[in-house]
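I have placed the structure first, in the form of structure tokens, so that the comments after it can refer back to it.
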Amino acid sequence: MIDEGPTRRPRTTFARLVRCAGRTLGTEWHGIVVDPVRRLARRGLSGLLLAFVAASGVVLFHDIAQYPAGAVWVRRLGGVQADLPLWLSLLRTPVSLYVPALDLPVWAGITQLFLAFALAELTLGRARTLFIAYTTTLAGTLTARLMIALGPGWWGLGLPPEAGQVLDTGPSAAVVGLFTYLAVVRRAPVVFTLTGGSMVWESVAAPNLAGREHLIAVAAAVVLGFLHGRGERLRTAVRSRLGRRSGPAGPPLSDTGGPGAPLWPRPPRRCDGFRTSTRTGSP
């Protein structure tokens, strides 16, 4: 009788990997696409307010910039450069979210912008979506100023002074930040790889200021994603501890509903020997 143990073991491992990859993709598809679509069906087009405003703003500024006088005003209102005074850069940064980059196809950028804001608004809400978009854009802008202040050198981190005359990334940093944040909080490795990996490839293939700002936006979104829900869990833990001291004061908070409920249900904890989870907290 032939012993097939050594031959079957790699096949079993490969089969587990395939099943785990399939379940991971299914869970990721549900968390990134299916759940927002269901919320859109319940809320209607009002759930896409930020997406329509962002896309309309980019179209408006793009059309205005087609005229010489309009291009000057678009640059004055939303053009952010590292050589500007800091207060002026901070004043223009919110408007820069609607100023498209001149060297990129505007319609492809509008599609990405609409999808990023739509999925984020349906998943995170309007306030958190605006916060993530603005914070990741501002992180890239401020870090670019720091790199230029360092000057050439510094193990490749510094930039020459002429880089301060280059316009920032516009809405693209916000798009990258939103997709990365969603990938982190939804535990979506495929989306994260496509987003972060494309930014790394961009920085390697064409090293420029925009590529660095995109990488900073990805890093800022990752940090914010890891911090997502920490404050609510801390408040829930404090309430439960105080509740045990003072006696039951109401129904306990659970993962299936109530004030502390997460955005999505608890997923399976195992995947044939491999852990998969879409929760933002620790398993």
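In the structure tokens, chains take letters A, B, ... by order of appearance, with residues numbered from 1 within each chain and ligands from 1 in the order shown.
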Next item on the list: Find the residues around Val34 (chain A) up to 12 Å (only C-alpha atoms counted), leave out those fewer than 6 positions away in its own chain, and share them as JSON, numbers by chain.
Entry: {"A": [26, 27, 28, 40, 41, 119, 122, 123, 264]}
Written selection (C-alpha atoms) as a tab-separated table (two decimals), in the first residue's frame:
chain	number	residue	atom	x	y	z
A	26	GLY	CA	-16.74	37.08	-0.07
A	27	THR	CA	-16.57	38.83	3.29
A	28	GLU	CA	-14.70	41.76	1.75
A	40	LEU	CA	-28.33	53.19	-0.22
A	41	ALA	CA	-31.55	51.27	-0.93
A	119	LEU	CA	-18.87	54.24	-0.14
A	122	LEU	CA	-22.80	55.16	3.32
A	123	THR	CA	-20.43	53.25	5.59
A	264	TRP	CA	-21.72	45.28	10.66
Item checked: Option closest in space to Gln165 (chain A), from A:Asp83, A:Glu202, A:Glu121, A:Glu213 [counting only C-alpha atoms] -> A:Asp83
Next item on the list: Using DSSP on the backbone coordinates, identify the residues of region 9-101 of chain A assigned to helix (DSSP H, G or I); present them as a PyMOL selection string.
Entry: chain A and resi 9-64+68-78+86-96
Next item on the list: Would you list the contacts of Ala188 (chain A) as number ranges by chain, taking every protein, DNA or RNA residue within 10 Å and counting only C-alpha atoms, but skipping same-chain residues closer than 2 positions in sequence?
Entry: A: 24-25, 27-29, 31-32, 180-186, 190-193, 276-278
Notebook entry, point to check: With only C-alpha atoms as the basis for distance, which of A:Phe179, A:Ser240, A:Arg230, A:Gly197 is at the shortest distance from Leu115 (chain A)?
Noted result: A:Phe179
Item checked: d(CA of Val99 (chain A), CA of Leu60 (chain A)) in Å -> 9.0 Å
Check: How many Å lie between CA of Leu77 (chain A) and CA of Thr93 (chain A), rounded to one decimal?
Finding: 9.1 Å
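One finds CA of Val95 (chain A) at 8.2 Å from CA of Gly79 (chain A).
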Item checked: Of the listed residues A:Arg19, A:His214, A:Arg92, A:Arg126, that which approaches Ala139 (chain A) most closely, counting only C-alpha atoms -> A:His214
Next item on the list: Would you list the contacts of Ala174 (chain A) as a ChimeraX atom specification, taking every protein, DNA or RNA residue within 7 Å and counting only C-alpha atoms, but skipping same-chain residues closer than 4 positions in sequence?
Entry: /A:133-134,136-137,178
